[in-house]
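J.: Sharing a structure here in structure tokens format.
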Amino acid sequence: KEDMVQLTITILEKLSALHEKRVLLGDLDLRNILVASPTEVWFVDCDSYQIGGYPCPVGTVRFTAPEIQKRNFADFLRTEGNEAFAVATLLFMLMLPGKSPYAQEGDLSEAILAMDFPYPCGDNHSDKTPEGAWRFLWSHLPRYLKEYFYGTFQNGGAYSTEQTRRTTQQWLTAFRYYLRLLQ
């Protein structure tokens with residue numbers, strides 16, 4: 001678990017450095033990150049990053065924010081809020097290895113648009129949580145991380161809109177704290 005959290009921190013540090021320079025990945029995807037160790041990663045397939053007024057013309061449904069689902073990516077510039085959804089999705093998939101926040105039956109794009117997050121948090125219960133190890137992995141995350149994920153992925157959540165999503169720097173602070181808790 002410590003290695004996964006350290007890997008998450010390493011990725012967030014690199015993303016944060018790019019975001020500080022106003023570079024958005026746009027097409028964030030697990031296949032675009034090469035991992036050598038928890039402290040050594042590289043981003044690849046960098047030809048579609050959004051820099052300045054040049055849009056990122058491609059994207060992956062799983063990492064695409066609800067407000068830009070089903071749009072032609074070449075026709076607009078993404079916002080930091082759009083990217084923040086992709087970052088939160090990546091972090092979720094690192095904590096629940098390979099599992100998308102909306103991995104349910106049916107069309108993934110429609111599930112993202114509906115923002116019907118299948119994991120419980122606090123008084124919010126769900127009977128849609130995927131069976132198997134996912135329940136266990138979710139239940140063992142710190143409460144504050146569950147609240148951040150729930151708030152991002154659930155319709156009406158505290159961080160569910162383009163303007164309210166947690167920044168890369170906020171996630172970095174949260175995961176650094178998680179690493180200290182684990183240690």
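Naming works like this for the structure tokens: A, B, ... for the chains as they're shown, residue 1 at the start of each chain, ligands 1 onward in shown order.
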What are the closest atom pairs, with distances in Å to one decimal, for each residue of stretch 81-148 of chain A lying within 12 Å of stretch 45-68 of chain A, using only C-alpha atoms, rows by chain and rising residue number, as JSON lines?
T.:
{"residue": "A:Gly81", "atom": "CA", "partner": "A:Ala65", "partner_atom": "CA", "distance": 8.4}
{"residue": "A:Asn82", "atom": "CA", "partner": "A:Ala65", "partner_atom": "CA", "distance": 5.5}
{"residue": "A:Glu83", "atom": "CA", "partner": "A:Ala65", "partner_atom": "CA", "distance": 7.6}
{"residue": "A:Ala84", "atom": "CA", "partner": "A:Ala65", "partner_atom": "CA", "distance": 8.4}
{"residue": "A:Phe85", "atom": "CA", "partner": "A:Ala65", "partner_atom": "CA", "distance": 5.4}
{"residue": "A:Ala86", "atom": "CA", "partner": "A:Phe63", "partner_atom": "CA", "distance": 4.5}
{"residue": "A:Val87", "atom": "CA", "partner": "A:Phe63", "partner_atom": "CA", "distance": 7.9}
{"residue": "A:Ala88", "atom": "CA", "partner": "A:Phe63", "partner_atom": "CA", "distance": 8.7}
{"residue": "A:Thr89", "atom": "CA", "partner": "A:Phe63", "partner_atom": "CA", "distance": 6.1}
{"residue": "A:Leu90", "atom": "CA", "partner": "A:Phe63", "partner_atom": "CA", "distance": 7.6}
{"residue": "A:Leu91", "atom": "CA", "partner": "A:Phe63", "partner_atom": "CA", "distance": 10.9}
{"residue": "A:Phe92", "atom": "CA", "partner": "A:Phe63", "partner_atom": "CA", "distance": 11.0}
{"residue": "A:Met93", "atom": "CA", "partner": "A:Phe63", "partner_atom": "CA", "distance": 10.5}
{"residue": "A:Gly98", "atom": "CA", "partner": "A:Arg62", "partner_atom": "CA", "distance": 11.3}
{"residue": "A:Lys99", "atom": "CA", "partner": "A:Arg62", "partner_atom": "CA", "distance": 10.4}
{"residue": "A:Ser100", "atom": "CA", "partner": "A:Arg62", "partner_atom": "CA", "distance": 7.1}
{"residue": "A:Pro101", "atom": "CA", "partner": "A:Arg62", "partner_atom": "CA", "distance": 8.7}
{"residue": "A:Tyr102", "atom": "CA", "partner": "A:Arg62", "partner_atom": "CA", "distance": 8.3}
{"residue": "A:Ala103", "atom": "CA", "partner": "A:Arg62", "partner_atom": "CA", "distance": 9.3}
{"residue": "A:Asp107", "atom": "CA", "partner": "A:Val61", "partner_atom": "CA", "distance": 10.2}
{"residue": "A:Leu108", "atom": "CA", "partner": "A:Arg62", "partner_atom": "CA", "distance": 7.0}
{"residue": "A:Ser109", "atom": "CA", "partner": "A:Val61", "partner_atom": "CA", "distance": 6.2}
{"residue": "A:Glu110", "atom": "CA", "partner": "A:Pro66", "partner_atom": "CA", "distance": 8.9}
{"residue": "A:Ala111", "atom": "CA", "partner": "A:Pro66", "partner_atom": "CA", "distance": 9.2}
{"residue": "A:Ile112", "atom": "CA", "partner": "A:Pro66", "partner_atom": "CA", "distance": 5.7}
{"residue": "A:Leu113", "atom": "CA", "partner": "A:Pro66", "partner_atom": "CA", "distance": 4.8}
{"residue": "A:Ala114", "atom": "CA", "partner": "A:Pro66", "partner_atom": "CA", "distance": 8.0}
{"residue": "A:Met115", "atom": "CA", "partner": "A:Pro66", "partner_atom": "CA", "distance": 7.7}
{"residue": "A:Asp116", "atom": "CA", "partner": "A:Pro66", "partner_atom": "CA", "distance": 11.3}
J.: Could you pull the residues within 8 Å of stretch 139-151 of chain A, counting only C-alpha atoms, minus those fewer than 2 positions along the same chain, as a list of chain:residue names?
T.: A:Ala88, A:Phe92, A:Phe117, A:Tyr119, A:Pro120, A:Cys121, A:Arg135, A:Phe136, A:Leu137, A:Phe153, A:Gln154, A:Gly156, A:Gly157, A:Ala158, A:Tyr159, A:Ser160, A:Arg166, A:Ala174, A:Tyr178
J.: May I have all residues of chain A that DSSP, computed from the backbone, assigns to helix (DSSP H, G or I), given as an MDAnalysis selection string?
T.: chainID A and resid 2:20 30:32 46:48 61:63 66:68 73:75 80:95 108:114 133:139 143:153 168:182
J.: So that I can check the surroundings of A:Gln104, please list as JSON, numbers by chain every protein, DNA and RNA residue that reaches within 8 Å of it, counting only C-alpha atoms and ignoring chain neighbours fewer than 6 positions away.
T.: {"A": [111, 118, 128, 130]}
J.: Taking C-alpha atoms for each residue, export the selection above as a compact mmCIF listing (two decimals), in the first residue's frame.
T.:
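The file below, selection.txt, is the result:
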# COMPACT_ATOMS: atom_id res chain seq x y z
CA ALA A 111 -22.65 6.37 -16.23
CA PRO A 118 -21.48 3.17 -6.80
CA LYS A 128 -24.24 -0.90 -6.65
CA PRO A 130 -18.87 -3.87 -7.40
J.: When you draw a straight line from atom CA of A:Ala133 to atom CA of A:Leu96, how long is it in Å?
T.: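 These atoms are spaced 8.7 Å apart.
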J.: So what do you get for atom CA of A:Val23 versus atom CA of A:Phe43, distance-wise?
T.: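 Atom CA of A:Phe43 lies 12.9 Å from atom CA of A:Val23.
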J.: Of the residues A:Thr167, A:Thr129, A:Gln69, A:Asn124, which is the one nearest to A:Glu20, using only C-alpha atoms?
T.: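 Using only C-alpha atoms, the shortest distance to A:Glu20 belongs to A:Thr167.
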J.: Can you tell me which residues surround A:Thr168 at a distance of at most 9 Å, considering only C-alpha atoms, apart from same-chain residues fewer than 4 positions away, and format the answer as JSON, numbers by chain?
T.: {"A": [12, 13, 15, 16, 19, 84, 87, 88, 172, 173]}
J.: As a list of chain:residue names, which residues of chain A does DSSP assign to strand (DSSP E)?
T.: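 These are the residues in question: A:Val23, A:Leu24, A:Ile33, A:Leu34, A:Val35, A:Ala36, A:Ser37, A:Glu40, A:Val41, A:Trp42, A:Phe43, A:Gln50, A:Ile51.
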J.: With distances taken over only C-alpha atoms, which residue among A:Lys70, A:Arg78, A:Lys1, A:Gly26 lies nearest A:Glu162?
T.: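 Closest to A:Glu162, using only C-alpha atoms: A:Arg78.
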J.: For A:Thr161, please output as a PyMOL selection string all residues within 8 Å (counting only C-alpha atoms; exclusion window: fewer than 3 positions along the same chain).
T.: chain A and resi 81+152+164-165
J.: Restricting it to N, CA, C and O atoms, dump the selection as a compact mmCIF listing (two decimals), in the first residue's frame.
T.:
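part.txt written:
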# COMPACT_ATOMS: atom_id res chain seq x y z
N GLY A 81 -10.57 22.36 -14.52
CA GLY A 81 -11.64 21.55 -13.93
C GLY A 81 -11.90 20.28 -14.70
O GLY A 81 -12.18 19.23 -14.11
N THR A 152 -16.34 14.08 -5.62
CA THR A 152 -15.98 14.32 -7.02
C THR A 152 -16.89 13.55 -7.97
O THR A 152 -17.33 14.09 -8.99
N THR A 164 -15.50 23.20 -8.91
CA THR A 164 -15.25 22.83 -7.51
C THR A 164 -14.33 21.63 -7.33
O THR A 164 -14.03 21.26 -6.19
N ARG A 165 -13.90 21.03 -8.42
CA ARG A 165 -13.06 19.83 -8.29
C ARG A 165 -11.74 20.15 -7.60
O ARG A 165 -11.18 21.22 -7.74
J.: Residues within 7 Å of A:Trp42, please, as a PyMOL selection string. Count only C-alpha atoms; anything in the same chain fewer than 4 positions from it doesn't count.
T.: chain A and resi 33-35
J.: Smallest atom-to-atom distance to A:Asp3: which of A:Thr79, A:Ser37, A:Asn32, A:Gln169, using only C-alpha atoms?
T.: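 Of all the options, A:Ser37 lies closest to A:Asp3.
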